[in-house]
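Text of my_file-v6.cif, listed as mmCIF, C-alpha atoms:
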```cif
data_start
loop_
_atom_site.label_atom_id
_atom_site.label_comp_id
_atom_site.auth_asym_id
_atom_site.auth_seq_id
_atom_site.Cartn_x
_atom_site.Cartn_y
_atom_site.Cartn_z
CA ASP Y 904 0.65 -108.36 -6.60
CA ASN Y 905 -0.42 -105.05 -5.06
CA CYS Y 906 -3.70 -104.83 -6.94
CA LEU Y 907 -4.80 -108.22 -5.54
CA LYS Y 908 -4.13 -107.66 -1.84
CA ASN Y 909 -7.42 -105.99 -0.93
CA GLU Y 910 -9.87 -107.75 -3.21
CA ILE Y 911 -11.11 -111.26 -3.61
CA ILE Y 912 -11.97 -112.14 -7.19
CA LYS Y 913 -15.46 -113.64 -7.16
CA ILE Y 914 -16.10 -115.75 -10.21
CA PRO Y 915 -18.95 -118.24 -10.61
CA ILE Y 916 -16.87 -121.32 -11.32
CA THR Y 917 -19.37 -124.11 -11.88
CA ASP Y 918 -17.16 -127.07 -12.74
CA TRP Y 919 -13.60 -128.31 -12.54
CA PHE Y 920 -12.84 -127.51 -16.14
CA LEU Y 921 -13.68 -123.83 -15.75
CA LEU Y 922 -11.61 -123.71 -12.59
CA ASN Y 923 -8.80 -125.38 -14.49
CA LYS Y 924 -8.98 -122.95 -17.39
CA TYR Y 925 -9.28 -120.02 -15.01
CA LEU Y 926 -6.04 -121.13 -13.38
CA VAL Y 927 -4.39 -120.96 -16.79
CA TYR Y 928 -5.44 -117.31 -16.82
CA MET Y 929 -4.23 -116.90 -13.22
CA LYS Y 930 -0.75 -118.01 -14.23
CA ARG Y 931 -0.20 -114.38 -15.15
CA LEU Y 932 -1.26 -113.31 -11.67
CA SER Y 933 0.54 -115.73 -9.39
CA ILE Y 934 2.86 -118.70 -9.28
CA SER Y 935 -0.03 -120.53 -7.61
CA PHE Y 936 -0.81 -121.69 -11.11
CA LYS Y 937 2.24 -123.89 -10.79
CA LEU Y 938 0.96 -125.38 -7.56
CA CYS Y 939 -2.50 -126.45 -8.60
CA CYS Y 940 -2.96 -126.19 -12.32
CA VAL Y 941 -3.01 -129.39 -14.24
CA VAL Y 942 -3.27 -128.13 -17.77
CA ALA Y 943 -0.58 -129.27 -20.15
CA THR Y 944 -0.29 -131.92 -22.81
CA ALA Y 945 0.55 -135.52 -22.15
CA VAL Y 946 3.98 -136.97 -22.84
CA ILE Y 947 3.83 -138.35 -26.34
CA THR Y 948 5.89 -141.49 -26.42
CA SER Y 949 5.08 -142.52 -29.96
CA CYS Y 950 4.11 -140.71 -33.12
CA SER Y 951 0.79 -141.04 -34.89
CA SER Y 952 0.84 -143.54 -37.69
CA GLY Y 953 0.59 -140.81 -40.32
CA MET Y 954 3.75 -138.92 -39.41
CA THR Y 955 6.01 -138.64 -42.47
CA ASP Y 956 8.97 -136.74 -41.03
CA SER Y 957 10.59 -136.65 -37.59
CA LYS Y 958 13.13 -134.09 -36.42
CA VAL Y 959 15.02 -133.83 -33.13
CA LEU Y 960 16.34 -130.63 -31.57
CA ASP Y 961 19.72 -131.34 -30.02
CA GLU Y 962 20.79 -130.10 -26.58
CA LYS Y 963 23.41 -128.08 -28.46
CA ILE Y 964 20.83 -125.50 -29.51
CA LYS Y 965 20.59 -124.41 -25.86
CA LYS Y 966 24.35 -124.28 -25.35
CA ASP Y 967 24.87 -122.32 -28.57
CA ALA Y 968 21.90 -119.99 -28.10
CA LYS Y 969 22.69 -116.33 -28.74
CA PRO Y 970 22.02 -114.01 -25.78
CA LEU Y 971 19.32 -111.50 -26.66
CA VAL Y 972 20.14 -107.86 -26.06
CA LEU Y 973 16.99 -106.33 -24.58
CA GLU Y 974 16.01 -102.69 -24.67
CA GLU Y 975 13.18 -101.78 -22.33
CA VAL Y 976 10.32 -99.90 -23.99
CA GLN Y 977 9.42 -96.95 -21.77
CA LEU Y 978 5.65 -96.83 -21.49
CA ALA Y 979 5.03 -94.59 -18.48
CA ASP Y 980 2.06 -96.12 -16.61
CA LYS Y 981 0.51 -98.03 -19.52
CA LEU Y 982 1.48 -101.42 -18.03
CA GLU Y 983 0.71 -100.51 -14.43
CA MET Y 984 -2.30 -102.86 -14.32
CA ALA Y 985 -1.17 -105.22 -17.08
CA ILE Y 986 -1.32 -108.97 -16.90
CA ASN Y 987 -0.15 -109.49 -20.50
CA CYS Y 988 0.57 -107.59 -23.69
CA PHE Y 989 1.31 -108.09 -27.39
CA VAL Y 990 2.76 -105.83 -30.07
CA TYR Y 991 1.13 -105.42 -33.49
CA ASP Y 992 3.47 -103.12 -35.41
CA SER Y 993 2.86 -99.67 -33.86
CA ILE Y 994 0.09 -100.83 -31.52
CA LEU Y 995 0.53 -102.41 -28.10
CA VAL Y 996 -2.44 -104.48 -26.92
CA VAL Y 997 -2.54 -104.50 -23.12
CA GLN Y 998 -4.61 -106.95 -21.09
CA ASN Y 999 -5.41 -105.47 -17.68
CA TYR Y 1000 -6.10 -107.25 -14.42
CA SER Y 1001 -9.80 -108.06 -14.23
CA ASN Y 1002 -10.18 -106.27 -10.88
CA SER Y 1003 -8.32 -103.13 -11.96
CA ASN Y 1004 -11.53 -101.12 -12.60
CA LYS Y 1005 -10.29 -100.64 -16.15
CA TYR Y 1006 -11.31 -102.09 -19.47
CA LEU Y 1007 -9.90 -105.58 -19.94
CA LEU Y 1008 -8.10 -104.45 -23.10
CA ASP Y 1009 -6.28 -101.21 -23.95
CA PHE Y 1010 -4.83 -100.42 -27.37
CA VAL Y 1011 -1.80 -98.13 -26.99
CA SER Y 1012 0.11 -96.35 -29.74
CA LEU Y 1013 3.83 -97.00 -29.41
CA ASN Y 1014 4.45 -93.78 -31.33
CA THR Y 1015 2.54 -91.44 -29.02
CA LEU Y 1016 2.13 -93.62 -25.88
CA GLN Y 1017 -1.55 -92.68 -25.91
CA THR Y 1018 -4.37 -95.15 -25.43
CA VAL Y 1019 -6.24 -95.01 -28.73
CA GLU Y 1020 -9.01 -97.46 -27.80
CA SER Y 1021 -10.25 -99.55 -24.88
CA ALA Y 1022 -12.49 -102.59 -25.08
CA ILE Y 1023 -14.44 -105.11 -22.99
CA MET Y 1024 -15.71 -104.26 -19.54
CA ARG Y 1025 -15.81 -106.99 -16.92
CA GLY Y 1026 -19.28 -108.36 -16.33
CA ASN Y 1027 -22.15 -110.43 -17.67
CA GLY Y 1028 -23.95 -107.70 -19.56
CA PRO Y 1029 -24.06 -107.05 -23.33
CA GLY Y 1030 -20.53 -106.84 -24.72
CA GLU Y 1031 -19.04 -107.69 -21.31
CA LEU Y 1032 -16.93 -110.70 -20.31
CA ILE Y 1033 -16.03 -112.03 -16.87
CA GLU Y 1034 -12.47 -112.98 -17.80
CA VAL Y 1035 -10.47 -113.29 -21.01
CA ILE Y 1036 -7.39 -115.10 -22.21
CA ILE Y 1037 -5.72 -113.29 -25.10
CA LYS Y 1038 -3.23 -114.80 -27.52
CA ASN Y 1039 -1.55 -113.65 -30.69
CA SER Y 1040 -2.37 -115.62 -33.81
CA GLY Y 1041 -0.15 -114.25 -36.56
CA GLU Y 1042 -1.41 -110.76 -37.28
CA TYR Y 1043 -4.61 -111.48 -35.35
CA LEU Y 1044 -5.58 -111.19 -31.70
CA LEU Y 1045 -7.51 -114.08 -30.15
CA ILE Y 1046 -9.96 -113.28 -27.35
CA ASP Y 1047 -11.27 -116.26 -25.40
CA GLY Y 1048 -13.99 -115.29 -22.94
CA PHE Y 1049 -13.90 -118.79 -21.50
CA MET Y 1050 -16.21 -118.09 -18.55
CA ASN Y 1051 -18.91 -116.78 -20.90
CA LYS Y 1052 -18.01 -119.32 -23.64
CA LYS Y 1053 -17.46 -116.57 -26.23
CA PHE Y 1054 -14.61 -116.33 -28.72
CA ALA Y 1055 -13.39 -113.63 -31.12
CA LYS Y 1056 -10.50 -113.13 -33.51
CA ILE Y 1057 -9.71 -109.62 -34.68
CA ASP Y 1058 -7.28 -107.97 -37.03
CA VAL Y 1059 -5.97 -105.28 -34.67
CA MET Y 1060 -5.27 -102.59 -37.25
CA ASP Y 1061 -8.56 -103.22 -39.07
CA TYR Y 1062 -10.44 -103.08 -35.77
CA LEU Y 1063 -8.91 -99.73 -34.83
CA ASN Y 1064 -9.67 -98.25 -38.24
CA LYS Y 1065 -13.36 -99.18 -38.13
CA LYS Y 1066 -15.99 -96.70 -36.97
CA ASP Y 1067 -17.92 -99.51 -35.33
CA LYS Y 1068 -15.66 -100.80 -32.59
CA SER Y 1069 -17.95 -103.63 -31.52
CA ILE Y 1070 -16.32 -107.06 -31.34
CA LYS Y 1071 -18.13 -109.96 -33.01
CA TYR Y 1072 -18.11 -113.07 -30.84
CA SER Y 1073 -18.94 -116.67 -31.58
CA ASP Y 1074 -20.55 -118.83 -28.92
CA TYR Y 1075 -19.19 -122.27 -28.11
CA SER Y 1076 -20.45 -124.94 -25.72
CA PHE Y 1077 -17.65 -127.49 -25.59
CA ASN Y 1078 -14.70 -127.71 -23.18
CA CYS Y 1079 -11.16 -127.52 -24.52
CA GLN Y 1080 -7.85 -125.91 -23.63
CA SER Y 1081 -7.02 -124.27 -26.97
CA LEU Y 1082 -9.11 -123.20 -29.93
CA ASP Y 1083 -9.01 -120.99 -33.01
CA TYR Y 1084 -11.15 -120.38 -36.06
CA PHE Y 1085 -10.49 -122.82 -38.88
CA ASP Y 1086 -12.96 -121.14 -41.23
CA GLU Y 1087 -16.22 -119.18 -40.96
CA ASP Y 1088 -18.16 -122.19 -39.75
CA LYS Y 1089 -15.79 -124.28 -37.67
CA PHE Y 1090 -13.34 -124.11 -34.80
CA VAL Y 1091 -10.11 -126.09 -34.67
CA VAL Y 1092 -9.59 -127.36 -31.11
CA VAL Y 1093 -6.99 -129.44 -29.31
CA ASN Y 1094 -8.48 -132.90 -28.83
CA PRO Y 1095 -8.95 -133.50 -25.07
CA TYR Y 1096 -8.89 -137.29 -25.55
CA ARG Y 1097 -5.50 -137.68 -27.19
CA PHE Y 1098 -3.09 -139.26 -24.70
CA ILE Y 1099 -0.31 -141.76 -25.27
CA ASN Y 1100 1.85 -143.07 -22.44
CA LYS Y 1101 3.44 -146.50 -22.68
CA HIS Y 1102 4.36 -146.61 -19.01
CA LEU Y 1103 0.70 -146.23 -18.06
CA LYS Y 1104 -0.31 -148.54 -20.92
CA ILE Y 1105 -2.65 -145.91 -22.30
CA GLU Y 1106 -2.67 -145.44 -26.05
CA GLN Y 1107 -5.45 -143.10 -27.06
CA ASP Y 1108 -3.98 -142.29 -30.46
CA GLU Y 1109 -6.75 -139.88 -31.33
CA PRO Y 1110 -6.27 -137.01 -33.80
CA ARG Y 1111 -4.43 -134.04 -32.36
CA PHE Y 1112 -7.10 -131.61 -33.61
CA LEU Y 1113 -10.85 -131.68 -34.04
CA LEU Y 1114 -12.90 -129.49 -36.39
CA VAL Y 1115 -16.13 -128.61 -34.63
CA GLU Y 1116 -19.01 -126.16 -34.74
CA GLY Y 1117 -19.79 -124.06 -31.71
CA ASP Y 1118 -22.61 -126.26 -30.44
CA THR Y 1119 -20.73 -129.55 -30.93
CA ASP Y 1120 -20.52 -132.01 -28.05
CA ILE Y 1121 -17.00 -133.48 -28.11
CA THR Y 1122 -17.57 -135.80 -25.14
CA ASN Y 1123 -16.33 -139.38 -25.67
CA ASN Y 1124 -17.48 -141.71 -22.90
CA GLU Y 1125 -15.40 -144.59 -24.25
CA LEU Y 1126 -12.08 -142.81 -23.58
CA ILE Y 1127 -10.39 -141.31 -20.53
CA SER Y 1128 -10.41 -137.52 -20.61
CA ALA Y 1129 -6.96 -135.95 -20.81
CA LEU Y 1130 -8.40 -132.43 -20.78
CA ASN Y 1131 -6.51 -131.46 -17.62
CA VAL Y 1132 -3.14 -132.45 -19.08
CA ASN Y 1133 -3.72 -131.50 -22.69
CA ASN Y 1134 -2.71 -127.89 -23.06
CA GLY Y 1135 -0.82 -126.53 -26.03
CA GLY Y 1136 -0.84 -123.79 -28.64
CA ILE Y 1137 -2.38 -123.69 -32.11
CA MET Y 1138 -0.65 -121.78 -34.92
CA ILE Y 1139 -2.32 -121.40 -38.33
CA ASN Y 1140 -0.63 -120.38 -41.58
CA TYR Y 1141 -3.45 -119.73 -44.04
CA ASN Y 1142 -1.02 -118.92 -46.86
CA LYS Y 1143 0.80 -122.23 -46.62
CA LYS Y 1144 -2.32 -124.08 -45.45
CA LEU Y 1145 -0.51 -125.51 -42.46
CA ILE Y 1146 -1.40 -125.84 -38.78
CA ALA Y 1147 1.24 -126.27 -36.08
CA TYR Y 1148 0.88 -127.36 -32.48
CA TYR Y 1149 3.28 -126.89 -29.58
CA SER Y 1150 3.05 -128.60 -26.21
CA LYS Y 1151 3.30 -126.80 -22.90
CA ASP Y 1152 3.97 -130.13 -21.19
CA THR Y 1153 6.69 -131.81 -23.20
CA PRO Y 1154 9.19 -130.61 -25.85
CA LEU Y 1155 6.99 -131.34 -28.85
CA VAL Y 1156 5.99 -129.45 -32.00
CA GLU Y 1157 3.76 -130.97 -34.66
CA TYR Y 1158 2.83 -129.80 -38.16
CA PHE Y 1159 -0.35 -130.70 -40.05
CA ASP Y 1160 -1.90 -129.94 -43.42
CA PHE Y 1161 -5.37 -128.41 -43.71
CA ASN Y 1162 -6.88 -131.90 -43.83
CA LEU Y 1163 -5.36 -132.33 -40.36
CA ASN Y 1164 -3.00 -135.01 -41.62
CA PRO Y 1165 0.28 -135.05 -39.64
CA ILE Y 1166 3.34 -134.02 -41.66
CA THR Y 1167 6.23 -133.38 -39.29
CA THR Y 1168 7.02 -133.81 -35.61
CA VAL Y 1169 9.83 -132.01 -33.79
CA THR Y 1170 11.02 -133.27 -30.38
CA GLY Y 1171 13.84 -132.28 -28.01
CA PRO Y 1172 16.06 -130.81 -26.73
CA ASP Y 1173 15.03 -132.32 -23.35
CA GLU Y 1174 12.83 -135.06 -21.96
CA LEU Y 1175 10.17 -134.07 -19.41
CA ASN Y 1176 8.43 -137.02 -17.78
CA PRO Y 1177 5.98 -136.01 -15.03
CA ASP Y 1178 3.99 -138.52 -13.01
CA TYR Y 1179 0.28 -138.85 -13.72
CA SER Y 1180 -2.75 -139.84 -11.71
CA VAL Y 1181 -5.38 -141.77 -13.66
CA THR Y 1182 -8.97 -142.07 -12.44
CA PRO Y 1183 -12.24 -142.83 -14.26
CA SER Y 1184 -12.94 -139.09 -14.35
CA GLY Y 1185 -9.68 -138.23 -16.10
CA ILE Y 1186 -5.92 -137.87 -16.09
CA SER Y 1187 -4.10 -135.32 -13.95
CA TYR Y 1188 -0.62 -134.63 -12.59
CA GLN Y 1189 0.65 -135.88 -9.26
CA MET Y 1190 3.42 -133.79 -7.66
CA ASP Y 1191 5.41 -132.56 -10.64
CA ILE Y 1192 4.39 -129.65 -12.84
CA PRO Y 1193 6.11 -129.65 -16.25
CA SER Y 1194 6.81 -126.55 -18.32
CA ALA Y 1195 8.09 -127.00 -21.87
CA TYR Y 1196 6.99 -124.42 -24.45
CA ILE Y 1197 5.48 -121.38 -22.73
CA THR Y 1198 4.16 -119.29 -25.58
CA SER Y 1199 4.77 -118.45 -29.23
CA CYS Y 1200 4.41 -115.99 -32.06
CA TYR Y 1201 4.70 -116.44 -35.79
CA ASN Y 1202 4.45 -114.90 -39.23
CA LYS Y 1203 4.12 -116.31 -42.73
CA SER Y 1204 7.69 -117.64 -42.81
CA ASP Y 1205 8.81 -118.40 -39.25
CA ILE Y 1206 7.68 -119.61 -35.83
CA TYR Y 1207 9.19 -118.33 -32.57
CA LEU Y 1208 8.73 -120.67 -29.60
CA VAL Y 1209 9.56 -119.69 -26.02
CA TYR Y 1210 11.02 -122.69 -24.21
CA GLU Y 1211 11.56 -123.21 -20.48
CA GLY Y 1212 12.16 -126.95 -20.20
CA ARG Y 1213 11.86 -127.88 -16.54
CA ILE Y 1214 9.77 -129.82 -14.06
CA MET Y 1215 8.95 -128.21 -10.73
CA ASN Y 1216 8.00 -130.11 -7.60
CA THR Y 1217 4.85 -128.85 -5.93
CA MET Y 1218 6.17 -129.31 -2.39
CA ASP Y 1219 9.35 -127.39 -3.20
CA LEU Y 1220 7.22 -124.51 -4.42
CA ILE Y 1221 5.11 -124.59 -1.26
CA MET Y 1222 8.21 -124.58 0.95
CA ASN Y 1223 9.45 -121.52 -0.96
CA GLY Y 1224 6.27 -119.58 -0.34
CA GLY Y 1225 4.74 -120.34 -3.71
CA THR Y 1226 7.54 -118.70 -5.66
CA SER Y 1227 9.87 -120.10 -8.26
CA ALA Y 1228 13.12 -118.47 -9.24
CA PRO Y 1229 13.22 -117.44 -12.90
CA ILE Y 1230 15.51 -119.51 -15.07
CA ASP Y 1231 16.94 -118.84 -18.50
CA ASN Y 1232 14.27 -118.87 -21.19
CA TYR Y 1233 15.07 -119.85 -24.76
CA ILE Y 1234 13.53 -118.78 -28.04
CA PHE Y 1235 13.68 -121.36 -30.83
CA LYS Y 1236 13.12 -120.12 -34.35
CA LEU Y 1237 11.74 -122.73 -36.76
CA ASP Y 1238 10.33 -122.50 -40.25
CA TRP Y 1239 6.96 -123.92 -41.27
CA ASN Y 1240 8.59 -127.19 -42.33
CA GLY Y 1241 9.94 -127.82 -38.85
CA ASN Y 1242 13.52 -126.90 -39.74
CA PHE Y 1243 15.56 -125.30 -36.97
CA LYS Y 1244 16.90 -121.84 -37.88
CA GLU Y 1245 18.20 -120.11 -34.76
CA SER Y 1246 18.11 -120.13 -30.97
CA TYR Y 1247 18.30 -117.25 -28.51
CA VAL Y 1248 18.49 -117.09 -24.73
CA VAL Y 1249 17.04 -114.56 -22.29
CA LYS Y 1250 19.03 -114.80 -19.08
CA GLY Y 1251 17.20 -115.05 -15.77
CA LYS Y 1252 13.79 -113.88 -16.98
CA THR Y 1253 10.47 -115.63 -17.49
CA ILE Y 1254 8.91 -114.55 -20.78
CA TYR Y 1255 5.18 -113.93 -20.59
CA SER Y 1256 4.56 -113.05 -24.23
CA ILE Y 1257 6.41 -112.70 -27.49
CA SER Y 1258 5.50 -110.72 -30.61
CA VAL Y 1259 6.99 -110.34 -34.07
CA THR Y 1260 6.02 -107.37 -36.22
CA SER Y 1261 5.66 -107.13 -40.00
CA LYS Y 1262 9.21 -105.70 -40.01
CA ASP Y 1263 10.51 -108.81 -38.16
CA GLU Y 1264 11.02 -106.83 -34.96
CA LEU Y 1265 10.82 -109.04 -31.88
CA TYR Y 1266 9.23 -107.92 -28.60
CA ILE Y 1267 8.96 -109.84 -25.35
CA SER Y 1268 7.22 -109.09 -22.06
CA CYS Y 1269 8.40 -110.29 -18.64
CA MET Y 1270 7.05 -110.03 -15.10
CA GLU Y 1271 9.47 -108.23 -12.80
CA SER Y 1272 8.70 -107.23 -9.21
CA GLY Y 1273 5.00 -107.77 -9.84
CA LEU Y 1274 4.86 -105.60 -12.97
CA ILE Y 1275 4.86 -106.45 -16.65
CA LYS Y 1276 7.74 -104.88 -18.60
CA LEU Y 1277 8.06 -104.75 -22.38
CA TYR Y 1278 11.38 -105.21 -24.17
CA LYS Y 1279 12.44 -104.87 -27.75
CA ALA Y 1280 14.97 -107.53 -28.69
CA LYS Y 1281 17.99 -106.76 -30.79
CA LEU Y 1282 18.59 -109.84 -32.95
#
```
Show how you would write the structure in this file as C-alpha cells.
Amino acid sequence: DNCLKNEIIKIPITDWFLLNKYLVYMKRLSISFKLCCVVATAVITSCSSGMTDSKVLDEKIKKDAKPLVLEEVQLADKLEMAINCFVYDSILVVQNYSNSNKYLLDFVSLNTLQTVESAIMRGNGPGELIEVIIKNSGEYLLIDGFMNKKFAKIDVMDYLNKKDKSIKYSDYSFNCQSLDYFDEDKFVVVNPYRFINKHLKIEQDEPRFLLVEGDTDITNNELISALNVNNGGIMINYNKKLIAYYSKDTPLVEYFDFNLNPITTVTGPDELNPDYSVTPSGISYQMDIPSAYITSCYNKSDIYLVYEGRIMNTMDLIMNGGTSAPIDNYIFKLDWNGNFKESYVVKGKTIYSISVTSKDELYISCMESGLIKLYKAKL
C-alpha cells in the first residue's frame, strides 16, 4: 500500500508470540500474513465429551446463498488511511494505519461525515499504544493493545457522550489469540492448549475457554502449545448468558453456557485439513494456510459469520508475488442456538469487517486497490 512504501515499521517484537499476533494485525496491511502467519485453530476431529447437540451446515447453503446488493457509502477521505472499520448505528469507527501520523482511531458521524472524536496516539507514553487490534463485540468495541498488553472494551455511544474521553484499560500478562471481558474481574480467553487431531495422535481435549485474571500464568508445561494454530473469535450474549466461538482455521462454531459447558457445535459446509508441524516448542502449519471464518458480528438475536472456506499454498502465493485473488465470501446467519437462518454471498470480494446496527442494517468493508471501502448491504 502507498502509505507503507517509504517507511519501515519499527516495533520491538521480543518473542515469537508477539510477532505472530502482530502478523494477525498485518493481515489488514498485506497478504504477507497468508505467507507466514500461523494463527488459526486446529482441526477439531472429535467433539468434547460434554457436547449435547451437533449440527452440520450443508454445502447447499453456499449454492443457495442470496447475492448481496451492495451500496457504497461515500465517505470522502475518511478511509484514506484506514486499515479497518466498524459501524455502530450512526457512528463509523475507523482504525488508521499505525504509521499514518494520525490517531489510531477516528470516530466519524455517518450523518455529517465529520470526525467527532479521535483516540489513541501511537507510542509508549501515557494513553498511547504501539499497535491495536479492534473488533466488534455486540454493541461494544474491543481494543487490544497487544504489544503493550493492554485491553479495553467501550460502549461507543456512551464513550462519545462522556466529557472525559479517556479509555480505561486493563493490563494482562498472558499470551493468547483472542480475549474478552467475562465480568469485572476476569477475562475469557481461547485456550492455547486445546488441540485434537487423530491423524497426529494428539488429543488435548482441554476446555475451549479459560477464565483468567490479568496476571494469570496460563502456561502448561505438560501439554504441547497450540497457540500458533489456535485463533478464533469470541462472541458473548450477556442477555442469553451464552458464549459462542468460531474458528478461523476450520468450519466450526461452538456454543457454551456461562459455566463454559459446551451446548452446541456447528460444522460444515466444507472440510479444511492443513498439514501441521509438531515440535516440543509447539504446533504450527507447514505449507498450507487455511481460512474458514474470517470475522463476525452479532446482536442479541443473531450471529453473522463471514466465511471464506479455502486453503492456500504458500509457494503458490510466493510465485504470484504474495497476492491472492479474492474469491466469493459468504455470510452465514445463525441464531444463538446454532440454527441456520440464511446465507448470503458477496461476489469476488474479501470482507474485512462486518457490522449490524440496532436497526438490523448490515455493513461490510472490503479492501480494493489498497483502500478500504464501506458498503451498506441491502438484505
Specify as a ChimeraX atom specification each residue included when the PyMOL selection byres ((chain Y and resi 1121-1123) around 10) is applied to this file.
/Y:1076-1079,1094-1096,1113,1115,1118-1120,1124-1128
Quote the spacing between CA of Ile1206 in chain Y and CA of Tyr1247 in chain Y in Å to one decimal place.
13.1 Å
Please identify every residue of range 1205-1258 of chain Y that has at least one atom no farther than 12 Å from an atom of range 1268-1278 of chain Y, counting only C-alpha atoms, and for each give the shortest atom pair and the distance in Å to one decimal, arranged by chain then increasing number, as a tab-separated table.
```
residue	atom	partner	partner_atom	distance
Y:Val1209	CA	Y:Ser1268	CA	11.6
Y:Thr1226	CA	Y:Gly1273	CA	12.0
Y:Ala1228	CA	Y:Glu1271	CA	11.4
Y:Pro1229	CA	Y:Met1270	CA	9.9
Y:Asn1232	CA	Y:Cys1269	CA	10.7
Y:Val1249	CA	Y:Cys1269	CA	10.3
Y:Lys1250	CA	Y:Cys1269	CA	11.6
Y:Gly1251	CA	Y:Cys1269	CA	10.4
Y:Lys1252	CA	Y:Cys1269	CA	6.7
Y:Thr1253	CA	Y:Cys1269	CA	5.8
Y:Ile1254	CA	Y:Cys1269	CA	4.8
Y:Tyr1255	CA	Y:Cys1269	CA	5.2
Y:Ser1256	CA	Y:Ser1268	CA	5.2
Y:Ile1257	CA	Y:Ser1268	CA	6.6
Y:Ser1258	CA	Y:Ser1268	CA	8.9
```
The PyMOL selection byres ((chain Y and resi 1087) around 12) on the file shown: which residues, as a list of chain:residue names?
Y:Ala1055, Y:Lys1056, Y:Tyr1072, Y:Ser1073, Y:Asp1083, Y:Tyr1084, Y:Phe1085, Y:Asp1086, Y:Asp1088, Y:Lys1089, Y:Phe1090, Y:Val1091, Y:Leu1114, Y:Val1115, Y:Glu1116, Y:Gly1117
Keeping C-alpha atoms, export the residues of the selection given above as a PDB file, in the coordinates of the input.
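And here's again_14.pdb as it stands now:
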```
ATOM      1  CA  ALA Y1055     -13.390-113.630 -31.120  1.00  0.00           C
ATOM      2  CA  LYS Y1056     -10.500-113.130 -33.510  1.00  0.00           C
ATOM      3  CA  TYR Y1072     -18.110-113.070 -30.840  1.00  0.00           C
ATOM      4  CA  SER Y1073     -18.940-116.670 -31.580  1.00  0.00           C
ATOM      5  CA  ASP Y1083      -9.010-120.990 -33.010  1.00  0.00           C
ATOM      6  CA  TYR Y1084     -11.150-120.380 -36.060  1.00  0.00           C
ATOM      7  CA  PHE Y1085     -10.490-122.820 -38.880  1.00  0.00           C
ATOM      8  CA  ASP Y1086     -12.960-121.140 -41.230  1.00  0.00           C
ATOM      9  CA  ASP Y1088     -18.160-122.190 -39.750  1.00  0.00           C
ATOM     10  CA  LYS Y1089     -15.790-124.280 -37.670  1.00  0.00           C
ATOM     11  CA  PHE Y1090     -13.340-124.110 -34.800  1.00  0.00           C
ATOM     12  CA  VAL Y1091     -10.110-126.090 -34.670  1.00  0.00           C
ATOM     13  CA  LEU Y1114     -12.900-129.490 -36.390  1.00  0.00           C
ATOM     14  CA  VAL Y1115     -16.130-128.610 -34.630  1.00  0.00           C
ATOM     15  CA  GLU Y1116     -19.010-126.160 -34.740  1.00  0.00           C
ATOM     16  CA  GLY Y1117     -19.790-124.060 -31.710  1.00  0.00           C
TER      17      GLY Y1117
END
```
Under the PyMOL selection byres ((chain Y and resi 1148) around 7), which residues of this model are included? Write them out as a count of residues only.
11
Measuring atom to atom with only C-alpha atoms, identify which of Y:Ser957, Y:Ser1184, Y:Gln1189, Y:Thr1198 is nearest to Phe989 in chain Y.
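With only C-alpha atoms as the atom set, the closest residue is Y:Thr1198.
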Using all atoms listed in the file, which of the listed residues (Y:Leu1237, Y:Met1218, Y:Ile994, Y:Ala1129) sits closest to Ser1261 in chain Y?
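Using all atoms listed in the file, Ser1261 in chain Y sits closest to Y:Ile994.
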